[in-house]
file work-v2.txt (compact mmCIF, C-alpha atoms)
# COMPACT_ATOMS: atom_id res chain seq x y z
CA MET A 1418 0.00 0.00 0.00
CA ARG A 1419 1.20 3.51 -0.79
CA ILE A 1420 0.24 6.14 1.80
CA ALA A 1421 0.68 9.90 1.38
CA ILE A 1422 0.94 11.94 4.58
CA ASP A 1423 0.15 15.65 4.92
CA HIS A 1424 0.53 16.75 8.55
CA LEU A 1425 0.28 20.37 9.73
CA THR A 1426 0.97 21.58 13.29
CA GLU A 1427 0.26 25.25 14.01
CA TYR A 1428 0.99 27.26 17.17
CA THR A 1429 -0.52 30.69 17.87
CA TYR A 1430 0.93 32.67 20.79
CA GLU A 1431 -0.72 35.36 22.92
CA SER A 1432 2.43 37.46 22.64
CA PRO A 1433 5.37 37.08 20.24
CA ALA A 1434 7.90 34.37 21.06
CA ARG A 1435 11.44 35.74 20.85
CA TYR A 1436 13.22 32.39 20.84
CA GLY A 1437 12.27 28.74 20.64
CA VAL A 1438 13.79 25.27 20.39
CA GLN A 1439 11.83 22.33 19.00
CA GLU A 1440 12.63 18.62 18.99
CA LEU A 1441 10.90 17.08 15.98
CA ARG A 1442 10.37 13.31 16.05
CA LEU A 1443 8.66 13.50 12.70
CA THR A 1444 10.93 11.42 10.48
CA PRO A 1445 10.03 7.72 10.07
CA VAL A 1446 12.59 5.02 9.40
CA ASP A 1447 12.41 1.98 7.16
CA THR A 1448 11.18 -1.14 8.92
CA ARG A 1449 10.19 -4.64 7.90
CA GLY A 1450 6.71 -3.36 6.99
CA GLN A 1451 7.38 0.13 5.65
CA LYS A 1452 9.69 1.95 3.26
CA VAL A 1453 9.96 5.73 3.19
CA VAL A 1454 9.74 6.88 -0.45
CA GLU A 1455 9.61 10.65 0.06
CA TRP A 1456 9.66 12.80 3.21
CA SER A 1457 10.07 16.51 3.90
CA ILE A 1458 9.63 18.83 6.88
CA GLU A 1459 8.89 22.54 6.50
CA ALA A 1460 9.49 24.73 9.56
CA PRO A 1461 11.30 27.96 10.42
CA GLY A 1462 14.95 27.13 10.99
CA ILE A 1463 14.72 23.61 9.54
CA GLU A 1464 17.58 24.32 7.12
CA GLY A 1465 20.08 24.59 9.98
CA ALA A 1466 18.57 21.87 12.16
CA ALA A 1467 20.86 19.45 13.95
CA GLU A 1468 20.00 15.79 13.32
CA PHE A 1469 20.59 12.86 15.67
CA ARG A 1470 19.20 9.57 16.94
CA ASP A 1471 17.81 9.78 20.45
CA CYS A 1472 18.35 7.08 23.07
CA TRP A 1473 15.20 5.24 21.87
CA GLY A 1474 16.43 5.02 18.27
CA ASN A 1475 14.22 7.78 16.84
CA ARG A 1476 15.43 10.20 14.19
CA VAL A 1477 15.24 13.72 15.67
CA LYS A 1478 15.69 17.19 14.19
CA LEU A 1479 16.59 19.95 16.68
CA VAL A 1480 15.33 23.25 15.32
CA ASN A 1481 16.10 26.75 16.65
CA GLN A 1482 13.59 29.56 15.98
CA THR A 1483 15.49 32.82 16.43
CA ASP A 1484 13.09 35.29 14.82
CA GLU A 1485 10.30 36.87 16.85
CA ARG A 1486 6.97 35.38 15.80
CA SER A 1487 3.36 35.13 16.94
CA GLU A 1488 2.68 31.99 14.90
CA LEU A 1489 4.64 28.85 14.11
CA ALA A 1490 3.77 26.21 11.51
CA ILE A 1491 5.43 22.80 11.05
CA ARG A 1492 4.37 20.85 7.97
CA ILE A 1493 5.26 17.30 6.99
CA ARG A 1494 4.67 15.80 3.58
CA GLY A 1495 5.68 12.30 2.63
CA ILE A 1496 4.95 9.02 0.91
CA VAL A 1497 5.47 5.64 2.56
CA GLU A 1498 5.05 2.19 1.03
CA THR A 1499 3.69 -0.33 3.52
CA SER A 1500 2.97 -4.05 3.61
CA ALA A 1501 0.94 -6.30 5.89
CA ASP A 1502 3.31 -8.22 8.16
CA ASP A 1503 1.19 -9.12 11.20
CA GLY A 1504 2.58 -6.14 13.07
CA ILE A 1505 6.12 -7.54 13.10
CA VAL A 1506 8.76 -4.82 13.31
CA GLY A 1507 11.76 -6.89 14.42
CA PHE A 1508 14.72 -5.01 15.84
CA LEU A 1509 15.73 -1.60 14.47
CA GLU A 1510 19.12 0.02 14.08
CA GLY A 1511 20.19 2.30 16.91
CA GLU A 1512 17.60 1.23 19.45
CA PRO A 1513 18.49 0.30 23.05
CA PRO A 1514 18.32 -3.22 24.53
CA SER A 1515 14.71 -4.31 24.82
CA ARG A 1516 14.94 -4.99 28.56
CA ILE A 1517 15.08 -1.25 29.23
CA PHE A 1518 11.40 -1.16 28.28
CA VAL A 1519 10.47 -3.28 31.30
CA ARG A 1520 11.12 -0.28 33.53
CA GLU A 1521 8.18 1.73 34.80
CA SER A 1522 7.63 5.16 33.29
CA PRO A 1523 5.60 8.13 34.58
CA LEU A 1524 2.47 7.37 32.55
CA THR A 1525 2.55 3.58 33.04
CA MET A 1526 3.00 3.30 36.79
CA PRO A 1527 1.10 0.25 38.11
CA ASP A 1528 -1.76 0.37 40.59
CA ARG A 1529 -4.03 -2.30 42.10
CA ALA A 1530 -6.38 -2.47 39.09
CA LEU A 1531 -3.55 -2.83 36.59
CA LYS A 1532 -1.91 -5.52 38.73
CA SER A 1533 -5.26 -7.32 38.93
CA MET A 1534 -5.55 -7.30 35.14
CA ALA A 1535 -2.03 -8.70 34.92
CA SER A 1536 -2.84 -11.44 37.44
CA SER A 1537 -5.90 -12.49 35.45
CA LEU A 1538 -3.64 -13.26 32.48
CA GLU A 1539 -0.54 -14.61 34.17
CA GLY A 1540 0.15 -18.29 33.61
CA ARG A 1541 -2.87 -18.84 31.38
CA HIS A 1542 -1.16 -18.69 27.99
CA ASP A 1543 1.45 -20.88 26.34
CA ASP A 1544 3.55 -18.07 24.91
CA PRO A 1545 3.93 -14.28 25.09
CA LEU A 1546 2.24 -13.74 21.72
CA SER A 1547 -0.95 -15.44 22.91
CA LEU A 1548 -0.83 -13.43 26.12
CA TYR A 1549 -0.49 -10.13 24.23
CA HIS A 1550 -3.52 -10.92 22.09
CA ALA A 1551 -5.53 -11.84 25.18
CA LEU A 1552 -4.43 -8.60 26.87
CA MET A 1553 -5.43 -6.57 23.82
CA GLU A 1554 -8.86 -8.22 23.84
CA THR A 1555 -9.27 -7.61 27.58
CA ILE A 1556 -8.47 -3.90 27.26
CA PHE A 1557 -10.81 -3.54 24.30
CA GLU A 1558 -13.62 -5.08 26.36
CA ARG A 1559 -12.89 -3.04 29.50
CA MET A 1560 -12.46 0.39 27.91
CA THR A 1561 -14.50 2.58 25.58
CA PHE A 1562 -12.91 4.82 22.98
CA THR A 1563 -14.00 8.35 23.96
CA THR A 1564 -12.47 11.71 23.17
CA ASP A 1565 -12.26 14.75 25.48
CA VAL A 1566 -12.23 12.76 28.74
CA THR A 1567 -8.44 12.33 29.07
CA ASP A 1568 -5.44 14.45 28.15
CA ALA A 1569 -1.74 14.08 27.43
CA ASP A 1570 -0.93 13.69 31.15
CA THR A 1571 -3.50 10.96 31.90
CA SER A 1572 -1.83 7.83 33.24
CA ALA A 1573 -2.67 4.22 32.45
CA ALA A 1574 -4.12 3.78 35.94
CA GLU A 1575 -6.38 6.82 35.58
CA ALA A 1576 -7.60 5.76 32.13
CA LEU A 1577 -8.38 2.22 33.28
CA ALA A 1578 -10.24 3.56 36.32
CA ALA A 1579 -12.31 5.79 34.03
CA GLY A 1580 -12.90 2.90 31.64
CA GLN A 1581 -12.48 5.18 28.65
CA GLY A 1582 -9.98 7.23 26.72
CA VAL A 1583 -8.22 7.62 23.39
CA CYS A 1584 -5.62 5.46 21.65
CA GLN A 1585 -2.84 6.86 23.87
CA ASP A 1586 -4.67 5.60 26.97
CA PHE A 1587 -5.34 2.14 25.51
CA ALA A 1588 -1.65 1.83 24.62
CA HIS A 1589 -0.52 2.92 28.08
CA VAL A 1590 -2.71 0.29 29.77
CA PHE A 1591 -1.31 -2.40 27.47
CA ILE A 1592 2.27 -1.31 28.19
CA ALA A 1593 1.72 -1.09 31.95
CA VAL A 1594 0.33 -4.64 32.18
CA CYS A 1595 3.14 -6.06 30.03
CA ARG A 1596 5.73 -4.51 32.32
CA ILE A 1597 4.00 -5.81 35.45
CA LEU A 1598 4.36 -9.29 33.93
CA GLY A 1599 8.01 -8.66 33.11
CA TYR A 1600 7.66 -8.25 29.34
CA PRO A 1601 9.29 -5.35 27.43
CA ALA A 1602 6.72 -2.99 25.89
CA ARG A 1603 6.91 0.50 24.40
CA TYR A 1604 4.72 3.30 23.07
CA VAL A 1605 4.54 4.09 19.34
CA THR A 1606 3.24 7.14 17.47
CA GLY A 1607 2.36 7.20 13.81
CA TYR A 1608 -0.42 7.49 11.29
CA LEU A 1609 -3.39 5.29 10.43
CA ALA A 1610 -5.03 5.52 7.02
CA MET A 1611 -8.62 4.29 6.95
CA PRO A 1612 -9.81 4.00 3.32
CA GLU A 1613 -13.40 3.34 4.31
CA THR A 1614 -13.79 6.91 5.60
CA LEU A 1615 -13.48 10.28 3.91
CA GLU A 1616 -12.87 12.47 6.93
CA GLN A 1617 -9.76 14.46 7.79
CA ALA A 1618 -7.83 13.33 10.83
CA GLU A 1619 -7.05 15.68 13.70
CA ALA A 1620 -4.14 13.97 15.42
CA HIS A 1621 -1.64 11.14 15.40
CA HIS A 1622 -2.54 7.57 16.10
CA ALA A 1623 -0.78 5.59 18.83
CA TRP A 1624 -0.30 1.93 19.69
CA ALA A 1625 2.12 -0.33 21.55
CA GLU A 1626 4.90 -2.75 20.69
CA ALA A 1627 5.93 -5.74 22.79
CA GLU A 1628 8.86 -8.09 22.38
CA VAL A 1629 8.17 -11.61 21.13
CA PRO A 1630 11.03 -14.17 21.28
CA GLY A 1631 12.12 -15.08 17.76
CA LEU A 1632 10.25 -12.17 16.17
CA GLY A 1633 11.52 -9.06 17.93
CA TRP A 1634 9.13 -6.15 18.39
CA VAL A 1635 5.51 -6.72 17.35
CA GLY A 1636 2.83 -4.03 17.27
CA PHE A 1637 -0.51 -4.20 19.08
CA ASP A 1638 -3.30 -1.62 18.77
CA PRO A 1639 -5.70 -2.25 21.67
CA ALA A 1640 -7.88 0.73 20.69
CA ASN A 1641 -8.83 -1.17 17.53
CA GLU A 1642 -8.10 -4.71 18.80
CA LEU A 1643 -5.69 -5.60 16.00
CA CYS A 1644 -2.03 -5.75 15.09
CA PRO A 1645 -0.87 -2.92 12.82
CA ASP A 1646 -1.28 -3.76 9.14
CA GLU A 1647 -0.51 -1.97 5.88
CA ARG A 1648 -2.66 1.02 6.90
CA TYR A 1649 -0.20 1.98 9.66
CA VAL A 1650 2.83 4.25 9.29
CA ARG A 1651 5.26 4.02 12.20
CA LEU A 1652 6.89 7.30 13.27
CA ALA A 1653 8.59 7.16 16.70
CA CYS A 1654 8.67 5.21 19.95
CA GLY A 1655 9.51 5.58 23.64
CA PRO A 1656 8.68 4.26 27.13
CA ASP A 1657 5.41 6.22 27.05
CA ALA A 1658 3.79 9.12 25.17
CA SER A 1659 5.86 11.80 26.90
CA TYR A 1660 9.08 10.35 25.44
CA ALA A 1661 7.75 9.84 21.89
CA ALA A 1662 6.03 13.20 21.39
CA PRO A 1663 6.27 14.17 17.70
CA VAL A 1664 6.91 17.82 18.63
CA ARG A 1665 8.40 18.95 21.92
CA GLY A 1666 10.12 22.19 22.79
CA ILE A 1667 10.45 25.40 24.75
CA ARG A 1668 9.94 29.04 23.87
CA ARG A 1669 10.76 32.41 25.43
CA GLY A 1670 8.67 35.57 25.59
CA SER A 1671 5.17 34.25 24.80
CA GLY A 1672 2.02 33.68 26.80
CA VAL A 1673 -0.23 30.64 26.69
CA GLY A 1674 -0.70 29.63 23.08
CA GLN A 1675 -3.15 27.63 21.01
CA LEU A 1676 -2.29 24.43 19.18
CA SER A 1677 -3.94 23.16 16.02
CA VAL A 1678 -3.08 19.84 14.37
CA SER A 1679 -4.47 18.40 11.15
CA VAL A 1680 -3.41 15.17 9.49
CA THR A 1681 -4.44 13.63 6.19
CA ALA A 1682 -3.37 10.08 5.35
CA SER A 1683 -4.22 9.28 1.73
CA VAL A 1684 -4.18 5.73 0.42
CA GLN A 1685 -2.95 5.89 -3.14
CA ASN A 1686 -4.25 3.20 -5.47
CA GLN A 1687 -2.85 3.78 -8.94
CA SER A 1688 -4.61 6.97 -10.15
CA GLN A 1689 -6.99 7.29 -7.18
CA SER A 1690 -6.52 8.17 -3.51
CA GLN A 1691 -8.77 8.35 -0.49
CA THR A 1692 -8.42 10.51 2.59
CA GLY A 1693 -8.21 8.62 5.87
CA GLN A 1694 -8.98 9.35 9.49
CA LEU A 1695 -6.91 8.84 12.60
CA GLN A 1696 -8.39 8.13 16.00
CA GLN A 1697 -6.86 9.38 19.19
call {"tool": "encode", "arguments": {"input": "work-v2.txt", "output": "structure tokens"}}
result
Amino acid sequence: MRIAIDHLTEYTYESPARYGVQELRLTPVDTRGQKVVEWSIEAPGIEGAAEFRDCWGNRVKLVNQTDERSELAIRIRGIVETSADDGIVGFLEGEPPSRIFVRESPLTMPDRALKSMASSLEGRHDDPLSLYHALMETIFERMTFTTDVTDADTSAAEALAAGQGVCQDFAHVFIAVCRILGYPARYVTGYLAMPETLEQAEAHHAWAEAEVPGLGWVGFDPANELCPDERYVRLACGPDASYAAPVRGIRRGSGVGQLSVSVTASVQNQSQSQTGQLQQ
């Protein structure tokens, strides 16, 4: 499948920002199931951006904005060829040892309810892959996909207690339970093209990856109860959402600003394309 991405992030500040630094985790890498054909980032200062791999293996551009501005726009355009591979990612160049993803992180700290969910699965499956599928099914049954009830700082424990949330929350619950059971799991951001819809997306999609012996990292999307297929474009990963944020930075001299994000994922089939929708 050939997917075209058009992703625009816009900031509007109450007063002009005199200086800013942005970390952009907006550059995908080739994996077993995806190949980047074209990719570009447009942003003030992008020409002089420093480029590096962070400690999680993500490609990062560090951009300085030195001109005073009341608005800031970051635009990504790209084309990625994908294939269905049962969510298998394997191991990627530059990433840390998988065991580091067993450690707790701020948004995946365990509580009694998460430990209870882990206990209900422990010892009942022949292999980790079967356990992960059972966990994904359990989360899908326990939680309802609902927008505007959680935010970027909502933890896995809080989302499970509420019984609802967006894809970020579903992924955090999955990751938290895996770590309680001693299995490496990490958070993934990306895009999801849905050819059956014709609506514009408003945000990234998110899912989880867990390690499977003999296969490496395998993706699981508990918000949709499936493993990522050819509709998914993988962007960045980290212990939880706070580490894998596509855009993160600081600014000087501005008040509280407004953020607007729009994403279009177009599935290109020969001469035709359809606009997809992301859920978050």
call {"tool": "residues_around", "arguments": {"input": "work-v2.txt", "residues": "Asp1423 of chain A", "least_positions_apart": "5", "cutoff": "9 Å", "atoms": "all atoms listed in the file", "output": "PyMOL selection string"}}
result
chain A and resi 1492-1495+1679-1683
call {"tool": "write_last_selection", "arguments": {"input": "work-v2.txt", "atoms": "C-alpha atoms", "output": "PDB file, in the coordinates of the input"}}
result
ATOM      1  CA  ARG A1492       4.370  20.850   7.970  1.00  0.00           C
ATOM      2  CA  ILE A1493       5.260  17.300   6.990  1.00  0.00           C
ATOM      3  CA  ARG A1494       4.670  15.800   3.580  1.00  0.00           C
ATOM      4  CA  GLY A1495       5.680  12.300   2.630  1.00  0.00           C
ATOM      5  CA  SER A1679      -4.470  18.400  11.150  1.00  0.00           C
ATOM      6  CA  VAL A1680      -3.410  15.170   9.490  1.00  0.00           C
ATOM      7  CA  THR A1681      -4.440  13.630   6.190  1.00  0.00           C
ATOM      8  CA  ALA A1682      -3.370  10.080   5.350  1.00  0.00           C
ATOM      9  CA  SER A1683      -4.220   9.280   1.730  1.00  0.00           C
TER      10      SER A1683
END
call {"tool": "closest_residue", "arguments": {"input": "work-v2.txt", "among": "A:Val1605, A:Glu1459, A:Pro1630, A:Asp1565", "to": "His1424 of chain A", "atoms": "all atoms listed in the file"}}
result
A:Glu1459
call {"tool": "residues_near_point", "arguments": {"input": "work-v2.txt", "point": "(6.6, -7.3, 5.8)", "cutoff": "12 Å", "atoms": "all atoms listed in the file", "output": "MDAnalysis selection string"}}
result
chainID A and resid 1418 1447:1452 1498:1507 1635 1645:1647
call {"tool": "residues_around", "arguments": {"input": "work-v2.txt", "residues": "Glu1628 of chain A", "least_positions_apart": "6", "cutoff": "9 Å", "atoms": "only C-alpha atoms", "output": "PyMOL selection string"}}
result
chain A and resi 1507+1515+1545-1546+1600-1602+1634-1636
call {"tool": "write_last_selection", "arguments": {"input": "work-v2.txt", "atoms": "C-alpha atoms", "output": "PDB file, keeping the file's coordinate frame"}}
result
ATOM      1  CA  GLY A1507      11.760  -6.890  14.420  1.00  0.00           C
ATOM      2  CA  SER A1515      14.710  -4.310  24.820  1.00  0.00           C
ATOM      3  CA  PRO A1545       3.930 -14.280  25.090  1.00  0.00           C
ATOM      4  CA  LEU A1546       2.240 -13.740  21.720  1.00  0.00           C
ATOM      5  CA  TYR A1600       7.660  -8.250  29.340  1.00  0.00           C
ATOM      6  CA  PRO A1601       9.290  -5.350  27.430  1.00  0.00           C
ATOM      7  CA  ALA A1602       6.720  -2.990  25.890  1.00  0.00           C
ATOM      8  CA  TRP A1634       9.130  -6.150  18.390  1.00  0.00           C
ATOM      9  CA  VAL A1635       5.510  -6.720  17.350  1.00  0.00           C
ATOM     10  CA  GLY A1636       2.830  -4.030  17.270  1.00  0.00           C
TER      11      GLY A1636
END
call {"tool": "atom_distance", "arguments": {"input": "work-v2.txt", "atom1": "atom CA of Ala1579 of chain A", "atom2": "atom CA of Glu1626 of chain A"}}
result
23.4 Å
call {"tool": "closest_residue", "arguments": {"input": "work-v2.txt", "among": "A:Val1477, A:Ser1522, A:Thr1444, A:Phe1587", "to": "Thr1555 of chain A", "atoms": "all atoms listed in the file"}}
result
A:Phe1587
call {"tool": "residues_around", "arguments": {"input": "work-v2.txt", "residues": "Pro1527 of chain A", "least_positions_apart": "4", "cutoff": "8 Å", "atoms": "all atoms listed in the file", "output": "JSON, numbers by chain"}}
result
{"A": [1521, 1531, 1532, 1573, 1574, 1593, 1594, 1597]}
call {"tool": "write_last_selection", "arguments": {"input": "work-v2.txt", "atoms": "C-alpha atoms", "output": "compact mmCIF listing (two decimals), keeping the file's coordinate frame"}}
result
# COMPACT_ATOMS: atom_id res chain seq x y z
CA GLU A 1521 8.18 1.73 34.80
CA LEU A 1531 -3.55 -2.83 36.59
CA LYS A 1532 -1.91 -5.52 38.73
CA ALA A 1573 -2.67 4.22 32.45
CA ALA A 1574 -4.12 3.78 35.94
CA ALA A 1593 1.72 -1.09 31.95
CA VAL A 1594 0.33 -4.64 32.18
CA ILE A 1597 4.00 -5.81 35.45
call {"tool": "decode", "arguments": {"input": "work-v2.txt", "residues": "segment 1437-1538 of chain A", "atoms": "C-alpha atoms", "output": "tab-separated table (two decimals), in the first residue's frame"}}
result
chain	number	residue	atom	x	y	z
A	1437	GLY	CA	12.27	28.74	20.64
A	1438	VAL	CA	13.79	25.27	20.39
A	1439	GLN	CA	11.83	22.33	19.00
A	1440	GLU	CA	12.63	18.62	18.99
A	1441	LEU	CA	10.90	17.08	15.98
A	1442	ARG	CA	10.37	13.31	16.05
A	1443	LEU	CA	8.66	13.50	12.70
A	1444	THR	CA	10.93	11.42	10.48
A	1445	PRO	CA	10.03	7.72	10.07
A	1446	VAL	CA	12.59	5.02	9.40
A	1447	ASP	CA	12.41	1.98	7.16
A	1448	THR	CA	11.18	-1.14	8.92
A	1449	ARG	CA	10.19	-4.64	7.90
A	1450	GLY	CA	6.71	-3.36	6.99
A	1451	GLN	CA	7.38	0.13	5.65
A	1452	LYS	CA	9.69	1.95	3.26
A	1453	VAL	CA	9.96	5.73	3.19
A	1454	VAL	CA	9.74	6.88	-0.45
A	1455	GLU	CA	9.61	10.65	0.06
A	1456	TRP	CA	9.66	12.80	3.21
A	1457	SER	CA	10.07	16.51	3.90
A	1458	ILE	CA	9.63	18.83	6.88
A	1459	GLU	CA	8.89	22.54	6.50
A	1460	ALA	CA	9.49	24.73	9.56
A	1461	PRO	CA	11.30	27.96	10.42
A	1462	GLY	CA	14.95	27.13	10.99
A	1463	ILE	CA	14.72	23.61	9.54
A	1464	GLU	CA	17.58	24.32	7.12
A	1465	GLY	CA	20.08	24.59	9.98
A	1466	ALA	CA	18.57	21.87	12.16
A	1467	ALA	CA	20.86	19.45	13.95
A	1468	GLU	CA	20.00	15.79	13.32
A	1469	PHE	CA	20.59	12.86	15.67
A	1470	ARG	CA	19.20	9.57	16.94
A	1471	ASP	CA	17.81	9.78	20.45
A	1472	CYS	CA	18.35	7.08	23.07
A	1473	TRP	CA	15.20	5.24	21.87
A	1474	GLY	CA	16.43	5.02	18.27
A	1475	ASN	CA	14.22	7.78	16.84
A	1476	ARG	CA	15.43	10.20	14.19
A	1477	VAL	CA	15.24	13.72	15.67
A	1478	LYS	CA	15.69	17.19	14.19
A	1479	LEU	CA	16.59	19.95	16.68
A	1480	VAL	CA	15.33	23.25	15.32
A	1481	ASN	CA	16.10	26.75	16.65
A	1482	GLN	CA	13.59	29.56	15.98
A	1483	THR	CA	15.49	32.82	16.43
A	1484	ASP	CA	13.09	35.29	14.82
A	1485	GLU	CA	10.30	36.87	16.85
A	1486	ARG	CA	6.97	35.38	15.80
A	1487	SER	CA	3.36	35.13	16.94
A	1488	GLU	CA	2.68	31.99	14.90
A	1489	LEU	CA	4.64	28.85	14.11
A	1490	ALA	CA	3.77	26.21	11.51
A	1491	ILE	CA	5.43	22.80	11.05
A	1492	ARG	CA	4.37	20.85	7.97
A	1493	ILE	CA	5.26	17.30	6.99
A	1494	ARG	CA	4.67	15.80	3.58
A	1495	GLY	CA	5.68	12.30	2.63
A	1496	ILE	CA	4.95	9.02	0.91
A	1497	VAL	CA	5.47	5.64	2.56
A	1498	GLU	CA	5.05	2.19	1.03
A	1499	THR	CA	3.69	-0.33	3.52
A	1500	SER	CA	2.97	-4.05	3.61
A	1501	ALA	CA	0.94	-6.30	5.89
A	1502	ASP	CA	3.31	-8.22	8.16
A	1503	ASP	CA	1.19	-9.12	11.20
A	1504	GLY	CA	2.58	-6.14	13.07
A	1505	ILE	CA	6.12	-7.54	13.10
A	1506	VAL	CA	8.76	-4.82	13.31
A	1507	GLY	CA	11.76	-6.89	14.42
A	1508	PHE	CA	14.72	-5.01	15.84
A	1509	LEU	CA	15.73	-1.60	14.47
A	1510	GLU	CA	19.12	0.02	14.08
A	1511	GLY	CA	20.19	2.30	16.91
A	1512	GLU	CA	17.60	1.23	19.45
A	1513	PRO	CA	18.49	0.30	23.05
A	1514	PRO	CA	18.32	-3.22	24.53
A	1515	SER	CA	14.71	-4.31	24.82
A	1516	ARG	CA	14.94	-4.99	28.56
A	1517	ILE	CA	15.08	-1.25	29.23
A	1518	PHE	CA	11.40	-1.16	28.28
A	1519	VAL	CA	10.47	-3.28	31.30
A	1520	ARG	CA	11.12	-0.28	33.53
A	1521	GLU	CA	8.18	1.73	34.80
A	1522	SER	CA	7.63	5.16	33.29
A	1523	PRO	CA	5.60	8.13	34.58
A	1524	LEU	CA	2.47	7.37	32.55
A	1525	THR	CA	2.55	3.58	33.04
A	1526	MET	CA	3.00	3.30	36.79
A	1527	PRO	CA	1.10	0.25	38.11
A	1528	ASP	CA	-1.76	0.37	40.59
A	1529	ARG	CA	-4.03	-2.30	42.10
A	1530	ALA	CA	-6.38	-2.47	39.09
A	1531	LEU	CA	-3.55	-2.83	36.59
A	1532	LYS	CA	-1.91	-5.52	38.73
A	1533	SER	CA	-5.26	-7.32	38.93
A	1534	MET	CA	-5.55	-7.30	35.14
A	1535	ALA	CA	-2.03	-8.70	34.92
A	1536	SER	CA	-2.84	-11.44	37.44
A	1537	SER	CA	-5.90	-12.49	35.45
A	1538	LEU	CA	-3.64	-13.26	32.48
